[in-house]
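What's in my_file-v3.pdb: PDB, C-alpha atoms
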ATOM      1  CA  PRO A   1     147.879 111.955  74.488
ATOM      2  CA  MET A   2     145.745 115.017  73.851
ATOM      3  CA  THR A   3     147.047 118.194  75.442
ATOM      4  CA  THR A   4     143.528 119.039  76.634
ATOM      5  CA  GLN A   5     143.945 116.753  79.652
ATOM      6  CA  ALA A   6     143.599 118.696  82.888
ATOM      7  CA  PHE A   7     145.687 116.162  84.794
ATOM      8  CA  THR A   8     148.992 114.499  83.956
ATOM      9  CA  GLY A   9     151.868 112.986  85.906
ATOM     10  CA  VAL A  10     151.876 111.667  89.447
ATOM     11  CA  MET A  11     148.652 112.377  91.285
ATOM     12  CA  SER A  12     148.579 111.324  94.918
ATOM     13  CA  PRO A  13     145.642 109.832  96.757
ATOM     14  CA  VAL A  14     145.296 111.606 100.099
ATOM     15  CA  LEU A  15     144.920 109.852 103.438
ATOM     16  CA  THR A  16     142.234 111.423 105.611
ATOM     17  CA  PRO A  17     143.290 112.213 109.200
ATOM     18  CA  PHE A  18     140.655 111.426 111.814
ATOM     19  CA  ASP A  19     140.510 112.674 115.393
ATOM     20  CA  ASN A  20     139.890 110.403 118.384
ATOM     21  CA  ASP A  21     136.163 111.166 118.174
ATOM     22  CA  LEU A  22     136.250 109.668 114.629
ATOM     23  CA  LYS A  23     135.584 113.007 112.946
ATOM     24  CA  PRO A  24     137.798 113.836 109.947
ATOM     25  CA  ASN A  25     140.229 116.685 110.631
ATOM     26  CA  GLY A  26     140.063 119.220 107.806
ATOM     27  CA  ARG A  27     142.926 121.372 109.094
ATOM     28  CA  LYS A  28     145.346 118.447 109.131
ATOM     29  CA  LEU A  29     144.036 117.244 105.769
ATOM     30  CA  ALA A  30     144.669 120.628 104.129
ATOM     31  CA  ALA A  31     148.190 120.746 105.595
ATOM     32  CA  PHE A  32     148.886 117.237 104.289
ATOM     33  CA  CYS A  33     147.641 118.239 100.825
ATOM     34  CA  LYS A  34     150.070 121.175 100.801
ATOM     35  CA  HIS A  35     152.883 118.834 101.853
ATOM     36  CA  LEU A  36     152.149 116.398  98.992
ATOM     37  CA  LEU A  37     152.161 119.196  96.413
ATOM     38  CA  ALA A  38     155.387 120.617  97.858
ATOM     39  CA  GLU A  39     156.990 117.166  97.540
ATOM     40  CA  GLY A  40     156.349 117.155  93.800
ATOM     41  CA  CYS A  41     152.912 115.650  93.170
ATOM     42  CA  THR A  42     151.294 117.324  90.165
ATOM     43  CA  SER A  43     147.793 116.985  91.608
ATOM     44  CA  LEU A  44     145.767 115.278  94.332
ATOM     45  CA  SER A  45     142.857 112.868  94.565
ATOM     46  CA  PRO A  46     141.181 113.128  97.965
ATOM     47  CA  PHE A  47     138.184 110.943  98.876
ATOM     48  CA  GLY A  48     139.174 107.797  97.042
ATOM     49  CA  THR A  49     139.891 104.360  98.473
ATOM     50  CA  ASN A  50     142.953 105.225 100.591
ATOM     51  CA  SER A  51     141.079 108.286 101.858
ATOM     52  CA  GLU A  52     138.354 106.073 103.354
ATOM     53  CA  ALA A  53     135.754 108.151 101.535
ATOM     54  CA  ASN A  54     133.080 105.501 101.926
ATOM     55  CA  SER A  55     133.473 105.719 105.693
ATOM     56  CA  MET A  56     132.325 109.346 105.528
ATOM     57  CA  SER A  57     129.036 111.045 104.813
ATOM     58  CA  VAL A  58     128.642 113.216 101.730
ATOM     59  CA  GLU A  59     128.369 116.238 104.061
ATOM     60  CA  GLU A  60     131.738 115.415 105.609
ATOM     61  CA  ARG A  61     133.358 115.084 102.185
ATOM     62  CA  ILE A  62     131.879 118.383 101.015
ATOM     63  CA  ASP A  63     133.048 120.170 104.174
ATOM     64  CA  LEU A  64     136.562 118.719 103.865
ATOM     65  CA  LEU A  65     136.827 119.756 100.212
ATOM     66  CA  ASP A  66     135.830 123.296 101.200
ATOM     67  CA  GLN A  67     138.539 123.323 103.880
ATOM     68  CA  ILE A  68     141.194 122.113 101.409
ATOM     69  CA  ILE A  69     140.305 124.770  98.832
ATOM     70  CA  ASP A  70     139.806 127.529 101.412
ATOM     71  CA  SER A  71     143.316 126.804 102.734
ATOM     72  CA  GLY A  72     144.665 128.152  99.444
ATOM     73  CA  ILE A  73     145.114 125.015  97.332
ATOM     74  CA  ASP A  74     144.286 125.489  93.649
ATOM     75  CA  PRO A  75     141.072 123.522  92.998
ATOM     76  CA  LYS A  76     142.271 122.793  89.447
ATOM     77  CA  LYS A  77     144.826 120.443  91.058
ATOM     78  CA  LEU A  78     142.102 118.418  92.793
ATOM     79  CA  MET A  79     140.229 115.345  91.519
ATOM     80  CA  PRO A  80     138.037 114.415  94.487
ATOM     81  CA  GLY A  81     136.215 111.113  94.575
ATOM     82  CA  THR A  82     132.497 111.819  94.319
ATOM     83  CA  GLY A  83     131.102 108.365  93.550
ATOM     84  CA  SER A  84     128.486 106.811  95.788
ATOM     85  CA  CYS A  85     125.958 104.003  95.822
ATOM     86  CA  ALA A  86     123.266 106.683  96.156
ATOM     87  CA  LEU A  87     122.729 108.633  92.947
ATOM     88  CA  SER A  88     121.654 111.746  94.862
ATOM     89  CA  ASP A  89     124.908 111.714  96.874
ATOM     90  CA  ALA A  90     127.037 111.301  93.741
ATOM     91  CA  VAL A  91     125.196 114.208  92.129
ATOM     92  CA  ARG A  92     125.531 116.433  95.178
ATOM     93  CA  ALA A  93     129.241 115.779  95.678
ATOM     94  CA  SER A  94     130.019 116.089  91.955
ATOM     95  CA  LYS A  95     128.083 119.325  91.590
ATOM     96  CA  HIS A  96     129.755 120.866  94.624
ATOM     97  CA  ALA A  97     133.270 119.913  93.460
ATOM     98  CA  THR A  98     132.559 121.295  89.989
ATOM     99  CA  GLN A  99     131.148 124.536  91.367
ATOM    100  CA  ARG A 100     134.251 124.944  93.537
ATOM    101  CA  GLY A 101     136.399 124.725  90.392
ATOM    102  CA  CYS A 102     137.930 121.256  90.753
ATOM    103  CA  GLY A 103     139.780 120.093  87.658
ATOM    104  CA  GLY A 104     137.811 116.868  87.645
ATOM    105  CA  VAL A 105     135.874 114.375  89.730
ATOM    106  CA  MET A 106     136.560 110.660  90.100
ATOM    107  CA  VAL A 107     133.366 108.610  90.063
ATOM    108  CA  LEU A 108     133.021 105.043  91.312
ATOM    109  CA  PRO A 109     130.213 102.888  89.981
ATOM    110  CA  PRO A 110     127.454 102.151  92.503
ATOM    111  CA  PHE A 111     129.001  99.059  94.007
ATOM    112  CA  TYR A 112     126.777  97.464  96.638
ATOM    113  CA  TYR A 113     124.569  95.438  94.270
ATOM    114  CA  LYS A 114     126.710  93.181  92.093
ATOM    115  CA  ASN A 115     126.474  91.929  88.506
ATOM    116  CA  MET A 116     124.855  95.125  87.317
ATOM    117  CA  SER A 117     124.384  95.370  83.563
ATOM    118  CA  ASP A 118     126.228  97.928  81.474
ATOM    119  CA  ASP A 119     122.822  99.504  80.820
ATOM    120  CA  GLY A 120     122.309 100.034  84.552
ATOM    121  CA  LEU A 121     125.790 101.458  85.040
ATOM    122  CA  TYR A 122     125.422 103.687  81.976
ATOM    123  CA  ARG A 123     122.204 105.055  83.417
ATOM    124  CA  PHE A 124     123.913 105.868  86.722
ATOM    125  CA  PHE A 125     126.712 107.856  85.061
ATOM    126  CA  ALA A 126     124.360 109.502  82.546
ATOM    127  CA  GLU A 127     121.912 110.554  85.276
ATOM    128  CA  THR A 128     124.780 111.975  87.338
ATOM    129  CA  ILE A 129     125.970 114.042  84.367
ATOM    130  CA  GLN A 130     122.479 115.238  83.442
ATOM    131  CA  ARG A 131     121.523 116.143  86.991
ATOM    132  CA  VAL A 132     124.738 118.060  87.675
ATOM    133  CA  GLY A 133     124.085 119.827  84.378
ATOM    134  CA  ASP A 134     127.384 121.709  84.274
ATOM    135  CA  ALA A 135     129.548 121.727  81.146
ATOM    136  CA  LYS A 136     132.601 122.411  83.344
ATOM    137  CA  MET A 137     132.403 118.990  85.016
ATOM    138  CA  LYS A 138     135.097 116.540  83.923
ATOM    139  CA  ILE A 139     134.551 112.936  84.998
ATOM    140  CA  TYR A 140     137.284 110.368  85.485
ATOM    141  CA  LEU A 141     135.746 106.921  85.845
ATOM    142  CA  TYR A 142     137.099 104.832  88.726
ATOM    143  CA  HIS A 143     137.639 101.170  87.845
ATOM    144  CA  ILE A 144     138.607  99.254  90.986
ATOM    145  CA  PRO A 145     137.086  95.757  90.897
ATOM    146  CA  PRO A 146     139.274  94.444  93.767
ATOM    147  CA  GLN A 147     137.176  96.709  96.048
ATOM    148  CA  THR A 148     133.892  97.191  94.221
ATOM    149  CA  VAL A 149     133.624  93.826  92.393
ATOM    150  CA  GLN A 150     131.557  95.911  89.963
ATOM    151  CA  GLY A 151     133.913  96.869  87.120
ATOM    152  CA  ILE A 152     133.646  99.292  84.205
ATOM    153  CA  SER A 153     133.830  97.456  80.882
ATOM    154  CA  LEU A 154     135.516  98.727  77.727
ATOM    155  CA  ASP A 155     132.148  98.768  75.963
ATOM    156  CA  LEU A 156     130.662 100.935  78.718
ATOM    157  CA  ILE A 157     133.614 103.347  78.508
ATOM    158  CA  GLU A 158     133.091 103.640  74.750
ATOM    159  CA  ARG A 159     129.388 104.295  75.176
ATOM    160  CA  LEU A 160     130.001 107.032  77.757
ATOM    161  CA  ILE A 161     132.732 108.705  75.680
ATOM    162  CA  LYS A 162     130.444 108.767  72.633
ATOM    163  CA  ALA A 163     127.530 110.208  74.597
ATOM    164  CA  TYR A 164     129.530 112.694  76.697
ATOM    165  CA  PRO A 165     132.850 113.340  74.906
ATOM    166  CA  THR A 166     133.640 116.582  76.718
ATOM    167  CA  THR A 167     132.566 115.325  80.174
ATOM    168  CA  VAL A 168     133.827 111.735  80.447
ATOM    169  CA  VAL A 169     137.503 112.460  79.831
ATOM    170  CA  GLY A 170     139.486 109.757  81.643
ATOM    171  CA  ILE A 171     139.704 106.776  83.929
ATOM    172  CA  LYS A 172     141.712 105.461  86.861
ATOM    173  CA  ASP A 173     142.402 101.786  86.285
ATOM    174  CA  SER A 174     142.994 100.195  89.682
ATOM    175  CA  SER A 175     142.343  96.667  88.453
ATOM    176  CA  GLY A 176     146.017  95.788  88.938
ATOM    177  CA  ASP A 177     145.757  94.044  85.567
ATOM    178  CA  TRP A 178     148.140  95.596  83.046
ATOM    179  CA  LYS A 179     146.373  93.814  80.169
ATOM    180  CA  ASN A 180     143.201  95.732  81.012
ATOM    181  CA  THR A 181     145.043  99.088  81.036
ATOM    182  CA  GLU A 182     146.775  98.152  77.783
ATOM    183  CA  ALA A 183     143.420  97.330  76.175
ATOM    184  CA  MET A 184     142.099 100.756  77.217
ATOM    185  CA  LEU A 185     145.163 102.517  75.794
ATOM    186  CA  LYS A 186     144.763 100.774  72.446
ATOM    187  CA  ARG A 187     141.023 101.292  72.177
ATOM    188  CA  PHE A 188     140.788 104.868  73.461
ATOM    189  CA  PRO A 189     143.736 106.966  72.229
ATOM    190  CA  GLY A 190     143.645 110.448  73.737
ATOM    191  CA  PHE A 191     141.529 109.330  76.708
ATOM    192  CA  GLY A 192     143.020 110.355  80.067
ATOM    193  CA  ILE A 193     144.109 106.966  81.339
ATOM    194  CA  PHE A 194     145.734 106.791  84.778
ATOM    195  CA  ALA A 195     147.274 103.608  86.110
ATOM    196  CA  GLY A 196     146.166 102.949  89.669
ATOM    197  CA  SER A 197     149.686 101.946  90.690
ATOM    198  CA  GLU A 198     153.086 103.515  90.097
ATOM    199  CA  ASP A 199     154.274 100.022  89.114
ATOM    200  CA  PHE A 200     152.625 100.642  85.741
ATOM    201  CA  LEU A 201     153.526 104.336  85.376
ATOM    202  CA  LEU A 202     156.275 103.969  82.764
ATOM    203  CA  ALA A 203     154.422 101.403  80.669
ATOM    204  CA  ASN A 204     151.261 103.505  80.851
ATOM    205  CA  MET A 205     153.069 106.669  79.710
ATOM    206  CA  ARG A 206     154.778 104.781  76.877
ATOM    207  CA  GLY A 207     151.365 103.505  75.771
ATOM    208  CA  GLY A 208     149.838 106.977  75.643
ATOM    209  CA  GLY A 209     148.469 107.206  79.181
ATOM    210  CA  VAL A 210     148.671 110.364  81.261
ATOM    211  CA  GLY A 211     150.116 109.235  84.584
ATOM    212  CA  CYS A 212     149.345 107.313  87.753
ATOM    213  CA  ILE A 213     147.282 107.864  90.868
TER     214      ILE A 213
END
Kindly transcribe the structure held in the file into structure tokens.
Amino acid sequence: PMTTQAFTGVMSPVLTPFDNDLKPNGRKLAAFCKHLLAEGCTSLSPFGTNSEANSMSVEERIDLLDQIIDSGIDPKKLMPGTGSCALSDAVRASKHATQRGCGGVMVLPPFYYKNMSDDGLYRFFAETIQRVGDAKMKIYLYHIPPQTVQGISLDLIERLIKAYPTTVVGIKDSSGDWKNTEAMLKRFPGFGIFAGSEDFLLANMRGGGVGCI
């Protein structure tokens, strides 16, 4: 793999602690992030599936990210999930994470309406990139069809890499289908490919991938 990858190794998704009033607890979240890094994780991915990001507003996610970084955690070790069904929310969360210095952002496709064409999905990612308008932003696509139903095809990945080679730098493949990960590894050498399960970590690394989340 290329050495320009910001993230390698074992990145942990981060559970979000909620209080009894159903508000996320930023203090506990920051402490948990520090614990995960101390236990040997190379980096962290808050606000993904296990974090229940889609149960929170974009304001809550932005506030929590600020609390994590303000607690002293290096933002370069963070790849927060910033995807959303609403383009404006994806832009806002992605711009904020980039401005705070995060090493990357993980972006889900808009997932509520199914059977979207690659053209529609391309437009969503392209608009997000253009509207954030920051060369520092590094996007890791988030392919998780068991949850979203809406996947990210190999042809769409290729189109995005060609259009935005310094911005679209990797993907988390949570399909649970090793053949899909293997196809990505063969077609996109040097792309930052993370397996979505540690079950595939060794095979992914042997194939040129960068780690697991």
(request) Show which residues sit within 7 Å of A:Gly209, as a list of chain:residue names. Count all atoms listed in the file, and ignore same-chain residues fewer than 2 positions away. (result) A:Pro1, A:Leu185, A:Gly192, A:Ile193, A:Phe194, A:Asn204, A:Met205, A:Gly207, A:Gly211
(request) For A:Ala53, list every protein, DNA or RNA residue within 10 Å, evaluated using only C-alpha atoms, and leave out those in the same chain fewer than 5 positions away; present the list as a ChimeraX atom specification. (result) /A:15-16,46-48,58,60-61,80-84
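Nearest residue to A:Pro13 among A:Phe200, A:Trp178, A:Tyr112, A:Phe32 is A:Phe32, counting only C-alpha atoms.
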(request) Choose the residue, out of A:Glu39, A:Asp177, A:Asp155, A:Asp118, that has the smallest atom-to-atom separation from A:Asp199; count all atoms listed in the file. (result)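 Nearest candidate to A:Asp199 out of A:Glu39, A:Asp177, A:Asp155, A:Asp118: A:Asp177.
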(message) What does the structure give for the distance between atom CA of A:Phe125 and atom CA of A:Tyr142, in Å to one decimal?
(response) 11.4 Å
